[in-house]
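> Here it is, the structure in full.
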Amino acid sequence: MRFPTDVLRVLTDPRTVISGDLVRIPFEIDRVVYEQVNSVLKAMSGKWDGRKAVRGHVFPYRIEEFMRHCLAGGEYPTKNEQGWFPIPPSLVTQVVDLAGVCAGMTVLEPSAGSGAMTAEIAKRGGVVDAVELDSHRAGLLREQGDSRRVVEGNFLDLDPLDYAEGFDRVVMNPPFSNGLDHIKHAIGFMKDDGILVSIMSQGLMWWSDKASTEFREVVEEVGGEIEVLPDDSFAVCGTSIRTCLVFLPGYAGGPLRTHDWLSRQPCQLDLFAA
């Protein structure tokens with residue numbers, strides 16, 4: 001949800017204190033604006049503490065880094081929203097560590113949001129390409145300047161073969177509503193020996209539909225893993241949705257339909273055309 005203009009102005013005011021689990025506004029603002037600010041902070045799980053030593057909204061998690069990304073994107077997730085959820089800072093490190101991103105690697109972030117993971121990848125020397133559906137966030141990613149390329153559009157509409165080469169790593173925090181579709185599409189952007197790491201709804205571990213069952217079988221076949229994340233992993237985003245972490249390694253001759261696999265198909269089809 002977009003921050004109201006007056007709320008964004010107050011929260012980005014240098015006098016506003018955003019530290020640890022606290023947001024405090026130590027200056028007078030119009031009552032109507034205060035009600036707007038209070039509504040937003042409550043929607044993000046903040047609770048007013050009127051004690052003299054506090055006088056601010058206290059959150060059940062560290063708010064500082066998360067709020068920075070929300071303010072940069074101009075949006076915040078509410079408790080009831082199932083749309084855009086910025087990846088919490090602690091998970092950024094976990095995902096990028098698990099992917100083994102290091103200097104010189106090419107990395108695709110197909111649901112880049114406000115750039116939490118692209119910034120971490122660039123800090124480690126990775127060469128990152130970002131995809132983002134929202135035009136405002138795509139603009140922020142360009143301004144952030146840590147991506148080699150920013151594509152504005154629906155990742156599911158992109159053709160892997162529009163890229164000359166596959167990526168060494170794919171790291172992603174796709175929409176919870178159709179995350180598996182995004183993961184399966186992202187495999188086509190990997191090199192044969194690439195690695196994909198993705199956050200996903202925990203339901204992937206037990207859903208009985210054909211797509212989920214087959215995907216779990218593939219993960220097991222390639223020696224990958226689906227790891228349960230703590231129930232409060234996304235509490236910082238104002239949601240209690242349960243999540244897991246998918247680790248999917250590729251290898252030459254493996255079953256994954258990677259970018260290299262897709263690139264080989266025209267050559268094989270030409271044999272039948274002769």
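Note on naming: chains are A, B, ... as they come in the structure tokens, residues start from 1 per chain, ligands start from 1 in the order shown.
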Mind running range 28-124 of chain A against range 157-176 of chain A at 7 Å and telling me each contacting residue's nearest atom pair with the distance in Å (one decimal), counting only C-alpha atoms, chain and number ascending, as a tab-separated table?

```
residue	atom	partner	partner_atom	distance
A:Gly83	CA	A:Pro175	CA	6.6
A:Trp84	CA	A:Pro175	CA	6.8
A:Ile87	CA	A:Asn173	CA	6.8
A:Ala99	CA	A:Arg169	CA	6.7
A:Met105	CA	A:Asp168	CA	5.9
A:Thr106	CA	A:Phe167	CA	5.3
A:Val107	CA	A:Arg169	CA	4.7
A:Leu108	CA	A:Val170	CA	4.8
A:Glu109	CA	A:Val171	CA	5.4
A:Pro110	CA	A:Met172	CA	6.2
A:Ser111	CA	A:Pro174	CA	5.7
```
> Hey, what does DSSP flag as alpha helix (DSSP H) within range 58-274 of chain A? Can you give it to me as a ChimeraX atom specification?
/A:64-73,89-99,116-123,135-144,179-187,210-221,259-273
> Give the answer as one residue: which of A:Asp181, A:Arg137, A:Asp209, A:Val219 has the shortest atom-to-atom distance to Gly250 in chain A, using only C-alpha atoms?
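The closest residue to Gly250 in chain A is A:Val219.
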> Counting only C-alpha atoms, figure out which residue out of A:Ser19, A:Asn38, A:Thr5, A:Ser45 gets nearest to Glu75 in chain A.
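Under the stated criterion, the closest residue is A:Thr5.
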> Determine, counting only C-alpha atoms, which protein, DNA and RNA residues have an atom within 12 Å of an atom of Gln36 in chain A; residues of the same chain fewer than 5 positions away are not included. Present the result as a list in words.
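So, after excluding close chain neighbours, the residues are Phe3, Pro4, Thr5, Asp6, Val7, Leu8, Arg9, Val10, Leu11, Ile29, Asp30, Arg31, Leu41, Lys42 and Ala43 of chain A.
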> Could those selected residues go to a file with N, CA and C atoms, as a PDB file, in the first residue's frame?

```pdb
ATOM      1  N   PHE A   3       2.262   4.893   0.874  1.00  0.00           N
ATOM      2  CA  PHE A   3       2.217   5.838   1.984  1.00  0.00           C
ATOM      3  C   PHE A   3       1.464   7.087   1.550  1.00  0.00           C
ATOM      4  N   PRO A   4       0.513   7.578   2.344  1.00  0.00           N
ATOM      5  CA  PRO A   4      -0.057   8.900   2.053  1.00  0.00           C
ATOM      6  C   PRO A   4       1.061   9.939   2.044  1.00  0.00           C
ATOM      7  N   THR A   5       0.923  10.959   1.227  1.00  0.00           N
ATOM      8  CA  THR A   5       1.977  11.957   1.053  1.00  0.00           C
ATOM      9  C   THR A   5       2.417  12.580   2.370  1.00  0.00           C
ATOM     10  N   ASP A   6       1.453  12.971   3.209  1.00  0.00           N
ATOM     11  CA  ASP A   6       1.795  13.616   4.483  1.00  0.00           C
ATOM     12  C   ASP A   6       2.493  12.648   5.433  1.00  0.00           C
ATOM     13  N   VAL A   7       2.101  11.392   5.401  1.00  0.00           N
ATOM     14  CA  VAL A   7       2.741  10.387   6.254  1.00  0.00           C
ATOM     15  C   VAL A   7       4.187  10.172   5.815  1.00  0.00           C
ATOM     16  N   LEU A   8       4.393  10.079   4.516  1.00  0.00           N
ATOM     17  CA  LEU A   8       5.751   9.905   3.990  1.00  0.00           C
ATOM     18  C   LEU A   8       6.629  11.093   4.369  1.00  0.00           C
ATOM     19  N   ARG A   9       6.043  12.291   4.314  1.00  0.00           N
ATOM     20  CA  ARG A   9       6.799  13.500   4.670  1.00  0.00           C
ATOM     21  C   ARG A   9       7.222  13.460   6.137  1.00  0.00           C
ATOM     22  N   VAL A  10       6.321  13.038   7.011  1.00  0.00           N
ATOM     23  CA  VAL A  10       6.627  12.982   8.444  1.00  0.00           C
ATOM     24  C   VAL A  10       7.681  11.916   8.740  1.00  0.00           C
ATOM     25  N   LEU A  11       7.507  10.726   8.150  1.00  0.00           N
ATOM     26  CA  LEU A  11       8.408   9.616   8.458  1.00  0.00           C
ATOM     27  C   LEU A  11       9.811   9.809   7.868  1.00  0.00           C
ATOM     28  N   ILE A  29       2.720  17.804  14.904  1.00  0.00           N
ATOM     29  CA  ILE A  29       2.134  17.707  13.572  1.00  0.00           C
ATOM     30  C   ILE A  29       0.626  17.870  13.691  1.00  0.00           C
ATOM     31  N   ASP A  30       0.005  18.206  12.595  1.00  0.00           N
ATOM     32  CA  ASP A  30      -1.439  18.397  12.552  1.00  0.00           C
ATOM     33  C   ASP A  30      -2.160  17.123  13.002  1.00  0.00           C
ATOM     34  N   ARG A  31      -3.267  17.282  13.717  1.00  0.00           N
ATOM     35  CA  ARG A  31      -3.995  16.138  14.256  1.00  0.00           C
ATOM     36  C   ARG A  31      -4.439  15.168  13.167  1.00  0.00           C
ATOM     37  N   LEU A  41       1.252   3.151  10.994  1.00  0.00           N
ATOM     38  CA  LEU A  41       2.147   2.433  11.899  1.00  0.00           C
ATOM     39  C   LEU A  41       1.434   1.259  12.579  1.00  0.00           C
ATOM     40  N   LYS A  42       0.151   1.439  12.893  1.00  0.00           N
ATOM     41  CA  LYS A  42      -0.619   0.337  13.473  1.00  0.00           C
ATOM     42  C   LYS A  42      -0.790  -0.793  12.455  1.00  0.00           C
ATOM     43  N   ALA A  43      -1.009  -0.422  11.190  1.00  0.00           N
ATOM     44  CA  ALA A  43      -1.156  -1.428  10.136  1.00  0.00           C
ATOM     45  C   ALA A  43       0.124  -2.228   9.951  1.00  0.00           C
TER      46      ALA A  43
END
```
> Please return as a list in words: the residues of range 168-211 of chain A that backbone DSSP assigns to strand (DSSP E or B).
Asp168, Arg169, Val170, Val171, Met172, Met190, Lys191, Asp192, Asp193, Gly194, Ile195, Leu196, Val197, Ser198, Ile199, Met200 and Ser201 of chain A
